[in-house]
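Colleague: Quick one: the structure is below, and I'll ask about it shortly.
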Amino acid sequence: YMIPLMAYSLLAIIFSLNDSAKNKNLGAFFVLPFIYFILHLSYGSGMIAGFTRRIFTDRTVLEFGGGQSSLWWAKRAKKVITFENDKNLYEILKGTISSNAEIFWVTKESSEKYISEVEKILKTFSGINFDIVIIDGLYRKEIVDISCKVLGENGAVICDNAEGYEFYDAFKHRGMNRIDFFGHAPGVILPHCTSVFFRRDCFLLNTSYAVPTRT
């Protein structure tokens with residue numbers, strides 16, 4: 001964790017020096033790094049608080065690519081189904097995930113075999129339309145079609161690293177709306193994009209939910 005922290009600190013110093021030079025205010029150089037840190041911390045906590053306060057207790061989640069997010073969703077959603085291709089991570093999650101979540105190991109040998117195994121397993125959950133589908137694993141473009149087929153009418157597909165993996169082409173003719181979150185993620189030097197694709201009346205955009213507050 002030291003390398004990302006050092007990189008963040010270096011960037012904060014560089015931007016602070018640039019801003020103080022532009023405004024010809026040397027004193028700002030000593031204050032701005034702390035302001036940047038507080039702002040980024042507040043943005044992160046605000047985003048987490050906002051999602052945490054959403055009502056997920058009756059929602060179903062489908063994940064392509066497991067990890068800490070699997071544990072996070074399992075604590076909040078009604079049902080979580082995760083597909084993971086890393087055998088070691090699969091074994092770790094299988095031993096720690098709660099009873100309302102199921103994780104399946106699928107091959108990474110080829111996209112064809114990966115898709116075939118996913119489709120076979122999903123057939124055992126026939127009748128379930130997922131409220132949230134998260135694409136953050138292998139063969140991301142290839143899994144878009146399945147994701148849209150099993151997505152509920154008011155659900156959303158969350159795509160990590162959406163600036164790559166040809167997500168734009170995969171979604172552009174599906175009649176869905178999109179919101180992009182572009183910037184620096186915690187511990188990451190280069191900015192990237194997480195995109196949320198959704199149909200009309202997506203429950204995430206339901207204004208009946210209270211506006212998050214800091215308590």
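We name chains A, B, ... following the order of the structure tokens; residues begin at 1 in each chain, and ligands are numbered from 1 as shown.
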Would you kindly return, as a VMD selection string, each protein, DNA or RNA residue with an atom no farther than 12 Å from any atom of A:Ala77, considering only C-alpha atoms and excluding same-chain residues fewer than 2 positions away?
Modeller: chain A and resid 51 to 52 54 to 62 69 to 75 79 to 81 98 to 101 130 to 132
Colleague: Looking only at the backbone, which of the residues in stretch 25-203 of chain A does DSSP tag as strand (DSSP E or B), as a PyMOL selection string?
Modeller: chain A and resi 60-64+79-84+101-105+130-135+151-159+177-183+192-198
Colleague: Find the spatial neighbours of A:Asp160, counting only C-alpha atoms, within a cut-off of 8 Å - ignore same-chain residues fewer than 6 positions away - and output them as a ChimeraX atom specification.
Modeller: /A:134-136,193-195
Colleague: Rounded to one decimal, what separation in Å do you get between atom CA of A:His184 and atom CA of A:Asn23?
Modeller: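 So the two atoms, atom CA of A:His184 and atom CA of A:Asn23, lie 24.9 Å apart.
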Colleague: Between A:Leu190, A:Val144, A:Leu151, A:Ile14, which residue has the minimum interatomic distance to A:Lys172, considering only C-alpha atoms?
Modeller: A:Val144
Colleague: Would you mind listing what lies within 12 Å of A:Ser110 as a PyMOL selection string, with only C-alpha atoms counted and same-chain residues fewer than 5 positions away left out?
Modeller: chain A and resi 85+115-117+138-139+142
Colleague: Please save all heavy atoms of the selected residues as a PDB file, in the first residue's frame.
Modeller:
ATOM      1  N   ASN A  85     -12.940 -16.932 -11.841  1.00  0.00           N
ATOM      2  CA  ASN A  85     -12.066 -17.836 -12.594  1.00  0.00           C
ATOM      3  C   ASN A  85     -10.746 -18.125 -11.887  1.00  0.00           C
ATOM      4  O   ASN A  85     -10.012 -19.031 -12.280  1.00  0.00           O
ATOM      5  CB  ASN A  85     -11.773 -17.240 -13.972  1.00  0.00           C
ATOM      6  CG  ASN A  85     -11.047 -15.908 -13.885  1.00  0.00           C
ATOM      7  OD1 ASN A  85     -11.697 -14.871 -13.760  1.00  0.00           O
ATOM      8  ND2 ASN A  85      -9.724 -15.914 -13.942  1.00  0.00           N
ATOM      9  N   ILE A 115     -18.245 -18.852 -21.257  1.00  0.00           N
ATOM     10  CA  ILE A 115     -19.651 -18.513 -21.496  1.00  0.00           C
ATOM     11  C   ILE A 115     -20.540 -19.741 -21.348  1.00  0.00           C
ATOM     12  O   ILE A 115     -21.629 -19.682 -20.754  1.00  0.00           O
ATOM     13  CB  ILE A 115     -19.833 -17.909 -22.907  1.00  0.00           C
ATOM     14  CG1 ILE A 115     -19.072 -16.583 -23.035  1.00  0.00           C
ATOM     15  CG2 ILE A 115     -21.315 -17.699 -23.214  1.00  0.00           C
ATOM     16  CD1 ILE A 115     -19.564 -15.486 -22.156  1.00  0.00           C
ATOM     17  N   SER A 116     -20.098 -20.874 -21.882  1.00  0.00           N
ATOM     18  CA  SER A 116     -20.881 -22.100 -21.812  1.00  0.00           C
ATOM     19  C   SER A 116     -21.127 -22.522 -20.365  1.00  0.00           C
ATOM     20  O   SER A 116     -22.252 -22.894 -20.003  1.00  0.00           O
ATOM     21  CB  SER A 116     -20.151 -23.225 -22.567  1.00  0.00           C
ATOM     22  OG  SER A 116     -20.853 -24.445 -22.454  1.00  0.00           O
ATOM     23  N   GLU A 117     -20.103 -22.449 -19.530  1.00  0.00           N
ATOM     24  CA  GLU A 117     -20.250 -22.838 -18.127  1.00  0.00           C
ATOM     25  C   GLU A 117     -21.167 -21.869 -17.382  1.00  0.00           C
ATOM     26  O   GLU A 117     -21.987 -22.283 -16.562  1.00  0.00           O
ATOM     27  CB  GLU A 117     -18.879 -22.910 -17.459  1.00  0.00           C
ATOM     28  CG  GLU A 117     -18.029 -24.070 -17.946  1.00  0.00           C
ATOM     29  CD  GLU A 117     -16.713 -24.185 -17.211  1.00  0.00           C
ATOM     30  OE1 GLU A 117     -16.552 -23.527 -16.145  1.00  0.00           O
ATOM     31  OE2 GLU A 117     -15.830 -24.918 -17.687  1.00  0.00           O
ATOM     32  N   LEU A 138     -13.060 -11.771 -16.332  1.00  0.00           N
ATOM     33  CA  LEU A 138     -12.575 -12.098 -17.665  1.00  0.00           C
ATOM     34  C   LEU A 138     -13.667 -11.932 -18.721  1.00  0.00           C
ATOM     35  O   LEU A 138     -14.855 -11.938 -18.404  1.00  0.00           O
ATOM     36  CB  LEU A 138     -12.083 -13.545 -17.702  1.00  0.00           C
ATOM     37  CG  LEU A 138     -10.694 -13.846 -17.131  1.00  0.00           C
ATOM     38  CD1 LEU A 138     -10.417 -15.336 -17.269  1.00  0.00           C
ATOM     39  CD2 LEU A 138      -9.616 -13.046 -17.833  1.00  0.00           C
ATOM     40  N   TYR A 139     -13.231 -11.781 -19.962  1.00  0.00           N
ATOM     41  CA  TYR A 139     -14.136 -11.791 -21.113  1.00  0.00           C
ATOM     42  C   TYR A 139     -15.304 -10.834 -20.903  1.00  0.00           C
ATOM     43  O   TYR A 139     -16.476 -11.198 -21.029  1.00  0.00           O
ATOM     44  CB  TYR A 139     -14.644 -13.211 -21.372  1.00  0.00           C
ATOM     45  CG  TYR A 139     -13.536 -14.238 -21.429  1.00  0.00           C
ATOM     46  CD1 TYR A 139     -13.485 -15.297 -20.517  1.00  0.00           C
ATOM     47  CD2 TYR A 139     -12.531 -14.142 -22.383  1.00  0.00           C
ATOM     48  CE1 TYR A 139     -12.459 -16.234 -20.565  1.00  0.00           C
ATOM     49  CE2 TYR A 139     -11.496 -15.072 -22.440  1.00  0.00           C
ATOM     50  CZ  TYR A 139     -11.473 -16.119 -21.519  1.00  0.00           C
ATOM     51  OH  TYR A 139     -10.446 -17.039 -21.572  1.00  0.00           O
ATOM     52  N   GLU A 142     -17.646 -10.168 -23.911  1.00  0.00           N
ATOM     53  CA  GLU A 142     -18.390 -11.375 -24.251  1.00  0.00           C
ATOM     54  C   GLU A 142     -19.533 -11.653 -23.275  1.00  0.00           C
ATOM     55  O   GLU A 142     -20.505 -12.316 -23.631  1.00  0.00           O
ATOM     56  CB  GLU A 142     -17.440 -12.582 -24.293  1.00  0.00           C
ATOM     57  CG  GLU A 142     -16.426 -12.566 -25.431  1.00  0.00           C
ATOM     58  CD  GLU A 142     -15.206 -11.698 -25.125  1.00  0.00           C
ATOM     59  OE1 GLU A 142     -15.181 -11.031 -24.062  1.00  0.00           O
ATOM     60  OE2 GLU A 142     -14.285 -11.669 -25.956  1.00  0.00           O
TER      61      GLU A 142
END
Colleague: Using only C-alpha atoms, pick whichever of A:Lys141, A:Arg76, A:Trp105, A:Pro191 has the shortest atom-to-atom distance to A:Asp169.
Modeller: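 For A:Asp169, the nearest of the candidates is A:Lys141.
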Colleague: Enumerate the residues of stretch 16-215 of chain A with a DSSP assignment of alpha helix (DSSP H), computed from the backbone, and present them as a ChimeraX atom specification.
Modeller: /A:16-22,26-52,68-74,87-96,111-122,140-150,167-171
Colleague: Interatomic distance between atom CA of A:Gly155 and atom CA of A:Ala210?
Modeller: 19.0 Å
Colleague: Tell me which protein, DNA and RNA residues are within 8 Å of A:Phe198, counting only C-alpha atoms, leaving out same-chain ones fewer than 4 positions away, and put them as a PyMOL selection string.
Modeller: chain A and resi 154-157+176-178+202
Colleague: Emit the selected residues as a PDB file, in the first residue's frame, including N, CA, C and O atoms.
Modeller:
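The resulting again_18.pdb:
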ATOM      1  N   ASN A 154     -35.903  -2.958 -14.213  1.00  0.00           N
ATOM      2  CA  ASN A 154     -35.465  -1.723 -13.556  1.00  0.00           C
ATOM      3  C   ASN A 154     -34.090  -1.888 -12.916  1.00  0.00           C
ATOM      4  O   ASN A 154     -33.742  -1.194 -11.977  1.00  0.00           O
ATOM      5  N   GLY A 155     -33.310  -2.819 -13.461  1.00  0.00           N
ATOM      6  CA  GLY A 155     -31.978  -3.077 -12.915  1.00  0.00           C
ATOM      7  C   GLY A 155     -30.883  -2.273 -13.600  1.00  0.00           C
ATOM      8  O   GLY A 155     -31.148  -1.411 -14.441  1.00  0.00           O
ATOM      9  N   ALA A 156     -29.627  -2.592 -13.248  1.00  0.00           N
ATOM     10  CA  ALA A 156     -28.480  -1.874 -13.792  1.00  0.00           C
ATOM     11  C   ALA A 156     -27.291  -2.813 -13.940  1.00  0.00           C
ATOM     12  O   ALA A 156     -27.104  -3.732 -13.140  1.00  0.00           O
ATOM     13  N   VAL A 157     -26.489  -2.561 -14.973  1.00  0.00           N
ATOM     14  CA  VAL A 157     -25.236  -3.288 -15.187  1.00  0.00           C
ATOM     15  C   VAL A 157     -24.096  -2.332 -14.861  1.00  0.00           C
ATOM     16  O   VAL A 157     -24.005  -1.244 -15.435  1.00  0.00           O
ATOM     17  N   MET A 176     -30.030   1.310 -23.922  1.00  0.00           N
ATOM     18  CA  MET A 176     -29.873   1.555 -22.496  1.00  0.00           C
ATOM     19  C   MET A 176     -29.228   2.922 -22.260  1.00  0.00           C
ATOM     20  O   MET A 176     -28.498   3.444 -23.103  1.00  0.00           O
ATOM     21  N   ASN A 177     -29.508   3.493 -21.103  1.00  0.00           N
ATOM     22  CA  ASN A 177     -28.878   4.743 -20.694  1.00  0.00           C
ATOM     23  C   ASN A 177     -27.568   4.429 -19.980  1.00  0.00           C
ATOM     24  O   ASN A 177     -27.324   3.292 -19.549  1.00  0.00           O
ATOM     25  N   ARG A 178     -26.733   5.453 -19.815  1.00  0.00           N
ATOM     26  CA  ARG A 178     -25.427   5.230 -19.200  1.00  0.00           C
ATOM     27  C   ARG A 178     -24.999   6.430 -18.362  1.00  0.00           C
ATOM     28  O   ARG A 178     -25.193   7.582 -18.757  1.00  0.00           O
ATOM     29  N   CYS A 202     -34.835   2.700 -13.621  1.00  0.00           N
ATOM     30  CA  CYS A 202     -33.845   1.979 -12.815  1.00  0.00           C
ATOM     31  C   CYS A 202     -34.042   2.310 -11.338  1.00  0.00           C
ATOM     32  O   CYS A 202     -34.177   3.474 -10.961  1.00  0.00           O
TER      33      CYS A 202
END
